[in-house]
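Content type mmCIF, C-alpha atoms, from the file coords12.cif:
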data_my_file
#
loop_
_atom_site.label_atom_id
_atom_site.label_comp_id
_atom_site.auth_asym_id
_atom_site.auth_seq_id
_atom_site.Cartn_x
_atom_site.Cartn_y
_atom_site.Cartn_z
CA GLY A 422 89.81 101.91 86.26
CA ALA A 423 92.89 103.66 84.96
CA GLY A 424 94.73 104.01 88.25
CA VAL A 425 97.27 101.85 90.06
CA SER A 426 95.60 98.70 91.33
CA GLN A 427 96.85 96.73 94.33
CA THR A 428 95.67 93.36 95.58
CA PRO A 429 94.80 92.20 98.10
CA SER A 430 93.61 95.32 99.88
CA ASN A 431 93.91 93.48 103.19
CA LYS A 432 95.96 90.45 104.14
CA VAL A 433 96.11 88.79 107.54
CA THR A 434 98.71 86.09 107.99
CA GLU A 435 100.52 84.23 110.71
CA LYS A 436 104.10 84.75 111.71
CA GLY A 437 106.43 82.68 109.56
CA LYS A 438 104.14 82.48 106.54
CA TYR A 439 104.90 83.59 102.97
CA VAL A 440 103.01 86.53 101.44
CA GLU A 441 102.69 87.97 97.95
CA LEU A 442 101.34 91.44 97.21
CA ARG A 443 100.47 92.44 93.66
CA CYS A 444 100.62 95.78 91.89
CA ASP A 445 99.15 96.60 88.49
CA PRO A 446 100.51 100.01 87.41
CA ILE A 447 98.99 102.54 85.08
CA SER A 448 99.26 101.29 81.51
CA GLY A 449 102.38 102.58 79.80
CA HIS A 450 104.17 103.64 82.98
CA THR A 451 107.67 102.23 82.84
CA ALA A 452 108.72 103.15 86.39
CA LEU A 453 107.26 101.27 89.36
CA TYR A 454 107.93 101.78 93.07
CA TRP A 455 107.15 99.95 96.28
CA TYR A 456 106.90 101.81 99.57
CA ARG A 457 106.01 100.69 103.08
CA GLN A 458 103.98 102.82 105.48
CA SER A 459 103.91 101.93 109.14
CA LEU A 460 101.31 103.36 111.49
CA GLY A 461 101.89 107.06 112.11
CA GLN A 462 104.78 107.26 109.67
CA GLY A 463 105.29 108.46 106.15
CA PRO A 464 105.91 106.02 103.31
CA GLU A 465 109.41 104.53 103.20
CA PHE A 466 111.02 103.55 99.93
CA LEU A 467 111.61 99.86 99.30
CA ILE A 468 112.45 99.28 95.63
CA TYR A 469 112.27 100.91 92.22
CA PHE A 470 111.86 99.22 88.83
CA GLN A 471 112.60 100.75 85.47
CA GLY A 472 111.07 98.31 83.04
CA THR A 473 111.77 94.75 84.13
CA GLY A 474 114.88 95.44 86.16
CA ALA A 475 115.22 96.58 89.75
CA ALA A 476 117.16 99.81 89.33
CA ASP A 477 117.34 100.50 93.06
CA ASP A 478 116.55 97.95 95.78
CA SER A 479 118.43 99.70 98.56
CA GLY A 480 115.28 100.17 100.65
CA LEU A 481 114.49 96.48 101.07
CA PRO A 482 114.98 95.84 104.80
CA ASN A 483 116.50 92.35 104.54
CA ASP A 484 116.68 89.29 102.32
CA ARG A 485 113.19 88.12 103.31
CA PHE A 486 111.84 90.79 100.97
CA PHE A 487 111.97 90.37 97.22
CA ALA A 488 110.12 91.93 94.29
CA VAL A 489 109.79 91.06 90.63
CA ARG A 490 108.39 92.64 87.51
CA PRO A 491 108.99 90.00 84.85
CA GLU A 492 107.21 91.63 81.91
CA GLY A 493 107.70 95.26 82.80
CA SER A 494 104.12 95.78 83.93
CA VAL A 495 102.64 93.94 86.92
CA SER A 496 104.91 93.64 89.95
CA THR A 497 104.79 91.28 92.92
CA LEU A 498 106.32 92.00 96.31
CA LYS A 499 107.20 88.78 98.10
CA ILE A 500 107.83 88.48 101.82
CA GLN A 501 109.19 85.24 103.26
CA ARG A 502 108.97 84.08 106.88
CA THR A 503 106.83 87.06 107.85
CA GLU A 504 107.40 88.73 111.20
CA ARG A 505 105.07 90.88 113.28
CA GLY A 506 107.22 93.88 112.47
CA ASP A 507 106.34 93.47 108.79
CA SER A 508 102.80 94.64 109.56
CA ALA A 509 102.23 97.83 107.55
CA VAL A 510 100.52 99.22 104.48
CA TYR A 511 102.50 98.40 101.34
CA LEU A 512 102.09 101.06 98.68
CA CYS A 513 102.78 100.75 94.99
CA ALA A 514 103.30 103.73 92.70
CA SER A 515 104.05 104.18 89.03
CA SER A 516 105.18 106.99 86.76
CA PRO A 517 106.19 107.57 83.19
CA THR A 518 109.94 107.43 82.64
CA PRO A 519 110.94 110.04 85.19
CA PRO A 520 112.99 113.10 84.52
CA PRO A 521 115.43 113.66 87.36
CA GLY A 522 113.75 114.87 90.48
CA ALA A 523 110.60 116.40 89.03
CA GLY A 524 108.19 113.64 88.24
CA GLU A 525 104.89 112.79 89.87
CA LEU A 526 104.20 109.36 91.32
CA PHE A 527 100.73 107.82 91.02
CA PHE A 528 99.92 105.71 94.05
CA GLY A 529 97.58 102.81 94.59
CA GLU A 530 95.44 102.51 97.71
CA GLY A 531 97.82 100.04 99.27
CA SER A 532 97.77 96.53 100.67
CA ARG A 533 97.39 96.37 104.43
CA LEU A 534 99.40 93.47 105.82
CA THR A 535 98.81 92.23 109.35
CA VAL A 536 101.08 89.55 110.74
CA LEU A 537 99.68 87.84 113.84
CA GLY B 1142 120.92 111.27 103.61
CA ASN B 1143 117.83 113.12 102.47
CA SER B 1144 115.09 113.66 105.03
CA VAL B 1145 111.93 115.65 105.62
CA THR B 1146 110.60 116.90 108.94
CA GLN B 1147 106.97 117.90 109.46
CA MET B 1148 105.50 119.61 112.48
CA GLU B 1149 104.24 117.26 115.15
CA GLY B 1150 100.65 116.28 115.76
CA PRO B 1151 97.27 116.51 114.07
CA VAL B 1152 95.79 119.86 113.11
CA THR B 1153 92.18 120.63 113.95
CA LEU B 1154 90.62 123.85 112.76
CA SER B 1155 87.30 125.41 111.85
CA GLU B 1156 85.99 125.87 108.34
CA GLU B 1157 87.33 129.05 106.67
CA ALA B 1158 90.32 129.19 109.00
CA PHE B 1159 93.90 129.67 107.75
CA LEU B 1160 95.99 126.52 107.52
CA THR B 1161 99.77 126.25 107.77
CA ILE B 1162 101.69 122.98 107.90
CA ASN B 1163 105.42 123.34 108.39
CA CYS B 1164 107.94 121.27 106.45
CA THR B 1165 111.72 121.48 106.53
CA TYR B 1166 114.17 119.31 104.68
CA THR B 1167 117.76 118.10 104.64
CA ALA B 1168 119.25 117.20 101.31
CA THR B 1169 122.42 117.28 99.30
CA GLY B 1170 122.19 119.22 96.09
CA TYR B 1171 118.96 120.71 94.83
CA PRO B 1172 115.97 118.47 95.42
CA SER B 1173 112.47 118.83 94.08
CA LEU B 1174 109.82 119.30 96.76
CA PHE B 1175 106.28 117.97 96.91
CA TRP B 1176 103.13 117.93 98.97
CA TYR B 1177 101.06 114.77 98.69
CA VAL B 1178 97.59 114.38 100.16
CA GLN B 1179 95.71 111.27 101.25
CA TYR B 1180 91.95 111.65 101.52
CA PRO B 1181 90.04 109.05 103.55
CA GLY B 1182 89.82 105.75 101.68
CA GLU B 1183 91.99 106.93 98.81
CA GLY B 1184 95.60 106.59 97.68
CA LEU B 1185 98.23 109.27 97.99
CA GLN B 1186 97.97 111.92 95.31
CA LEU B 1187 100.15 114.83 94.35
CA LEU B 1188 98.84 118.17 95.61
CA LEU B 1189 101.60 120.48 94.41
CA LYS B 1190 105.30 120.61 93.67
CA ALA B 1191 108.25 122.98 93.19
CA THR B 1192 111.45 122.06 91.42
CA LYS B 1193 113.80 124.93 92.20
CA ALA B 1194 114.45 127.64 94.76
CA ASP B 1195 111.81 130.39 95.01
CA ASP B 1196 109.33 128.40 92.93
CA LYS B 1197 105.77 128.45 94.27
CA GLY B 1198 103.60 125.41 93.79
CA SER B 1199 99.84 125.88 93.95
CA ASN B 1200 96.71 123.80 93.54
CA LYS B 1201 93.15 123.79 94.94
CA GLY B 1202 93.85 126.98 96.90
CA PHE B 1203 96.95 125.49 98.56
CA GLU B 1204 100.38 127.08 98.11
CA ALA B 1205 103.95 126.29 99.11
CA THR B 1206 107.16 128.17 98.29
CA TYR B 1207 110.55 126.46 97.94
CA ARG B 1208 112.82 128.38 100.36
CA LYS B 1209 116.41 127.28 99.95
CA GLU B 1210 117.74 129.71 102.56
CA THR B 1211 115.55 128.19 105.28
CA THR B 1212 115.31 124.70 103.70
CA SER B 1213 111.54 124.88 104.03
CA PHE B 1214 108.42 124.17 101.99
CA HIS B 1215 105.51 125.15 104.23
CA LEU B 1216 101.98 124.44 103.03
CA GLU B 1217 99.33 127.13 103.35
CA LYS B 1218 95.69 127.64 102.52
CA GLY B 1219 93.79 130.80 103.27
CA SER B 1220 90.32 129.36 103.91
CA VAL B 1221 89.92 125.64 104.50
CA GLN B 1222 86.83 123.58 103.82
CA VAL B 1223 85.56 120.40 105.43
CA SER B 1224 86.56 118.59 102.23
CA ASP B 1225 90.23 119.48 102.94
CA SER B 1226 90.23 117.01 105.84
CA ALA B 1227 93.00 114.57 104.95
CA VAL B 1228 96.57 113.56 105.76
CA TYR B 1229 99.22 115.77 104.18
CA PHE B 1230 102.76 114.55 103.44
CA CYS B 1231 105.75 116.66 102.53
CA ALA B 1232 108.31 114.89 100.33
CA LEU B 1233 111.49 115.48 98.41
CA SER B 1234 113.11 113.87 95.44
CA ASP B 1235 116.79 114.06 94.69
CA ARG B 1236 117.99 114.47 91.15
CA ASN B 1237 119.69 111.16 90.60
CA GLY B 1238 117.14 110.14 87.99
CA ASN B 1239 115.06 107.54 89.81
CA ASN B 1240 112.43 109.87 91.28
CA ARG B 1241 112.76 108.18 94.67
CA LEU B 1242 110.78 110.16 97.27
CA ALA B 1243 111.62 110.73 100.92
CA PHE B 1244 108.47 111.51 102.92
CA GLY B 1245 107.77 113.25 106.19
CA LYS B 1246 105.56 111.60 108.80
CA GLY B 1247 102.44 113.38 107.64
CA ASN B 1248 99.93 115.63 109.37
CA GLN B 1249 96.31 114.73 109.90
CA VAL B 1250 94.13 117.78 109.19
CA VAL B 1251 90.58 117.81 110.50
CA VAL B 1252 88.32 120.69 109.48
CA ILE B 1253 85.16 121.04 111.52
CA PRO B 1254 82.09 122.87 110.22
#
Structure translated into structure tokens:
Amino acid sequence: GAGVSQTPSNKVTEKGKYVELRCDPISGHTALYWYRQSLGQGPEFLIYFQGTGAADDSGLPNDRFFAVRPEGSVSTLKIQRTERGDSAVYLCASSPTPPPGAGELFFGEGSRLTVL
Amino acid sequence: GNSVTQMEGPVTLSEEAFLTINCTYTATGYPSLFWYVQYPGEGLQLLLKATKADDKGSNKGFEATYRKETTSFHLEKGSVQVSDSAVYFCALSDRNGNNRLAFGKGNQVVVIP
């Protein structure tokens, strides 16, 4: 389809393991975002890419979280030494180069991560 | 920092009833305001938006007016349908160019026939 694609849709892992979550944005969208949604909460910003570079990573909770977008399209969110508190739905969104404050984000369905 | 507050708790109402979901915000400057909706089994999608004070966003029978004086962006629909059952999120974006959104907690809306 033409929407934002996220894989896997569900991931169950054990505490301490390494996890990668993938996002394939809408073709041609230069801006890509990762958000995290915990149960009963709204999405919380993690990181924003404009092209290949992370333009704003101020939402990453600690240095166990890292994201890349090496060719300016697909992005991978990487979580090291997972903890139970990392359990959440990780959302990816993309948009065309945004004008300040007025653009629409197109979201994927999310990757649900459960850390046992 | 920027934040959005939505009314507490799920909303359950009958078909054809009037829906209001309250949203207030705190922001520096002049943010853009959004309502996103998440239908069961689907990703978040934009419902409507307003980019400046007194603007009214509308879509699918839903409306919200950007009220700078009360820092509010309440969502309304005059006659809901069962298909409007979803989770609704209020959000704001500052104008620093990165389109970063701050979301409220969301409200589950259940419309019963």
Got a sec to resolve the PyMOL selection byres ((chain A) within 12 of (chain B)) on this structure and send the residues as a ChimeraX atom specification?
/A:424-427,430,451-471,475-480,510-532
Name the residues, using the chain letters and numbers of the file, that sit within 9 Å of (104.8, 126.8, 98.1) when counting only C-alpha atoms, and give them as a tab-separated table (two decimals) with C-alpha atoms, keeping the file's coordinate frame.
chain	number	residue	atom	x	y	z
B	1189	LEU	CA	101.60	120.48	94.41
B	1190	LYS	CA	105.30	120.61	93.67
B	1191	ALA	CA	108.25	122.98	93.19
B	1195	ASP	CA	111.81	130.39	95.01
B	1196	ASP	CA	109.33	128.40	92.93
B	1197	LYS	CA	105.77	128.45	94.27
B	1198	GLY	CA	103.60	125.41	93.79
B	1199	SER	CA	99.84	125.88	93.95
B	1203	PHE	CA	96.95	125.49	98.56
B	1204	GLU	CA	100.38	127.08	98.11
B	1205	ALA	CA	103.95	126.29	99.11
B	1206	THR	CA	107.16	128.17	98.29
B	1207	TYR	CA	110.55	126.46	97.94
B	1208	ARG	CA	112.82	128.38	100.36
B	1214	PHE	CA	108.42	124.17	101.99
B	1215	HIS	CA	105.51	125.15	104.23
B	1216	LEU	CA	101.98	124.44	103.03
B	1217	GLU	CA	99.33	127.13	103.35
Residues matched by the PyMOL selection byres ((chain A and resi 437) around 8), written as a PyMOL selection string
chain A and resi 435-436+438-439+501-504
Nearest residue to Thr1146 in chain B out of B:Ile1253, B:Val1228, B:Ile1162, B:Val1221, using only C-alpha atoms?
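The closest residue to Thr1146 in chain B is B:Ile1162.
For the atom pair formed by CA of Thr1153 in chain B and CA of Thr1165 in chain B, the distance is 20.9 Å, given to one decimal.
For Val1252 in chain B, the non-local neighbours within 7 Å, defined as residues at least 3 positions apart in the same chain or in other chains and counting all atoms listed in the file, are Thr1153, Leu1154, Ser1155, Glu1156, Gln1222, Val1223, Asp1225 and Ser1226 of chain B.
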Could you work out how far CA of Val1250 in chain B lies from CA of Ala1158 in chain B, giving the answer in Å with one decimal?
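These atoms are spaced 12.0 Å apart.
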Evaluating the PyMOL selection byres ((chain A and resi 432) around 10) on the displayed file yields which residues, as a list in words?
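After applying the PyMOL selection byres ((chain A and resi 432) around 10), what remains is Thr428, Pro429, Ser430, Asn431, Val433, Thr434, Val440, Glu441, Leu442, Ser508, Val510, Ser532, Arg533, Leu534, Thr535 and Val536 of chain A.
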Distance CA of Gly472 in chain A-CA of Arg490 in chain A, one decimal place?
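Spanning CA of Gly472 in chain A to CA of Arg490 in chain A is a straight-line distance of 7.7 Å.
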Please reconstruct the missing atoms of range 1145-1169 of chain B (target: N, CA, C and O atoms) and return them as a CSV table (one decimal), in the coordinates of the input.
chain,number,residue,atom,x,y,z
B,1145,VAL,N,113.0,114.6,105.5
B,1145,VAL,CA,111.9,115.6,105.6
B,1145,VAL,C,111.4,115.6,107.0
B,1145,VAL,O,111.1,114.6,107.6
B,1146,THR,N,111.2,116.8,107.6
B,1146,THR,CA,110.6,116.9,108.9
B,1146,THR,C,109.3,117.7,108.9
B,1146,THR,O,109.3,118.8,108.3
B,1147,GLN,N,108.2,117.2,109.4
B,1147,GLN,CA,107.0,117.9,109.5
B,1147,GLN,C,106.7,118.2,110.9
B,1147,GLN,O,107.0,117.4,111.8
B,1148,MET,N,105.9,119.2,111.1
B,1148,MET,CA,105.5,119.6,112.5
B,1148,MET,C,104.7,118.5,113.1
B,1148,MET,O,104.1,117.7,112.4
B,1149,GLU,N,104.8,118.4,114.4
B,1149,GLU,CA,104.2,117.3,115.2
B,1149,GLU,C,102.7,117.4,115.3
B,1149,GLU,O,102.2,118.5,115.3
B,1150,GLY,N,102.0,116.3,115.3
B,1150,GLY,CA,100.6,116.3,115.8
B,1150,GLY,C,99.6,116.6,114.7
B,1150,GLY,O,99.9,117.2,113.7
B,1151,PRO,N,98.4,116.2,115.0
B,1151,PRO,CA,97.3,116.5,114.1
B,1151,PRO,C,96.9,118.0,114.2
B,1151,PRO,O,97.3,118.7,115.1
B,1152,VAL,N,96.2,118.5,113.2
B,1152,VAL,CA,95.8,119.9,113.1
B,1152,VAL,C,94.3,119.9,113.0
B,1152,VAL,O,93.7,119.3,112.1
B,1153,THR,N,93.6,120.5,114.0
B,1153,THR,CA,92.2,120.6,114.0
B,1153,THR,C,91.8,122.1,113.9
B,1153,THR,O,92.4,122.9,114.6
B,1154,LEU,N,91.0,122.5,112.9
B,1154,LEU,CA,90.6,123.8,112.8
B,1154,LEU,C,89.2,124.0,112.2
B,1154,LEU,O,88.7,123.0,111.6
B,1155,SER,N,88.7,125.2,112.3
B,1155,SER,CA,87.3,125.4,111.8
B,1155,SER,C,87.3,125.8,110.4
B,1155,SER,O,88.3,126.2,109.8
B,1156,GLU,N,86.2,125.5,109.7
B,1156,GLU,CA,86.0,125.9,108.3
B,1156,GLU,C,86.3,127.4,108.2
B,1156,GLU,O,86.0,128.2,109.0
B,1157,GLU,N,86.9,127.7,107.0
B,1157,GLU,CA,87.3,129.0,106.7
B,1157,GLU,C,88.5,129.6,107.4
B,1157,GLU,O,89.0,130.7,107.2
B,1158,ALA,N,89.1,128.8,108.3
B,1158,ALA,CA,90.3,129.2,109.0
B,1158,ALA,C,91.5,129.1,108.1
B,1158,ALA,O,91.5,128.5,107.0
B,1159,PHE,N,92.6,129.7,108.5
B,1159,PHE,CA,93.9,129.7,107.8
B,1159,PHE,C,94.7,128.5,108.2
B,1159,PHE,O,94.8,128.2,109.4
B,1160,LEU,N,95.2,127.7,107.2
B,1160,LEU,CA,96.0,126.5,107.5
B,1160,LEU,C,97.5,126.7,107.2
B,1160,LEU,O,97.8,127.2,106.0
B,1161,THR,N,98.3,126.3,108.1
B,1161,THR,CA,99.8,126.2,107.8
B,1161,THR,C,100.3,124.9,108.3
B,1161,THR,O,100.0,124.6,109.4
B,1162,ILE,N,101.0,124.2,107.5
B,1162,ILE,CA,101.7,123.0,107.9
B,1162,ILE,C,103.2,123.2,107.6
B,1162,ILE,O,103.5,123.4,106.4
B,1163,ASN,N,104.0,123.1,108.6
B,1163,ASN,CA,105.4,123.3,108.4
B,1163,ASN,C,106.2,122.1,107.9
B,1163,ASN,O,105.9,121.0,108.3
B,1164,CYS,N,107.1,122.3,107.0
B,1164,CYS,CA,107.9,121.3,106.4
B,1164,CYS,C,109.3,121.8,106.2
B,1164,CYS,O,109.5,122.9,105.6
B,1165,THR,N,110.3,121.2,106.8
B,1165,THR,CA,111.7,121.5,106.5
B,1165,THR,C,112.4,120.2,106.0
B,1165,THR,O,112.0,119.1,106.2
B,1166,TYR,N,113.5,120.4,105.3
B,1166,TYR,CA,114.2,119.3,104.7
B,1166,TYR,C,115.7,119.4,104.8
B,1166,TYR,O,116.2,120.5,105.1
B,1167,THR,N,116.3,118.2,104.7
B,1167,THR,CA,117.8,118.1,104.6
B,1167,THR,C,118.1,117.3,103.4
B,1167,THR,O,117.5,116.2,103.2
B,1168,ALA,N,118.9,117.9,102.5
B,1168,ALA,CA,119.2,117.2,101.3
B,1168,ALA,C,120.6,117.7,100.8
B,1168,ALA,O,121.0,118.8,101.0
B,1169,THR,N,121.3,116.8,100.1
B,1169,THR,CA,122.4,117.3,99.3
B,1169,THR,C,121.9,117.8,97.9
B,1169,THR,O,121.0,117.2,97.4
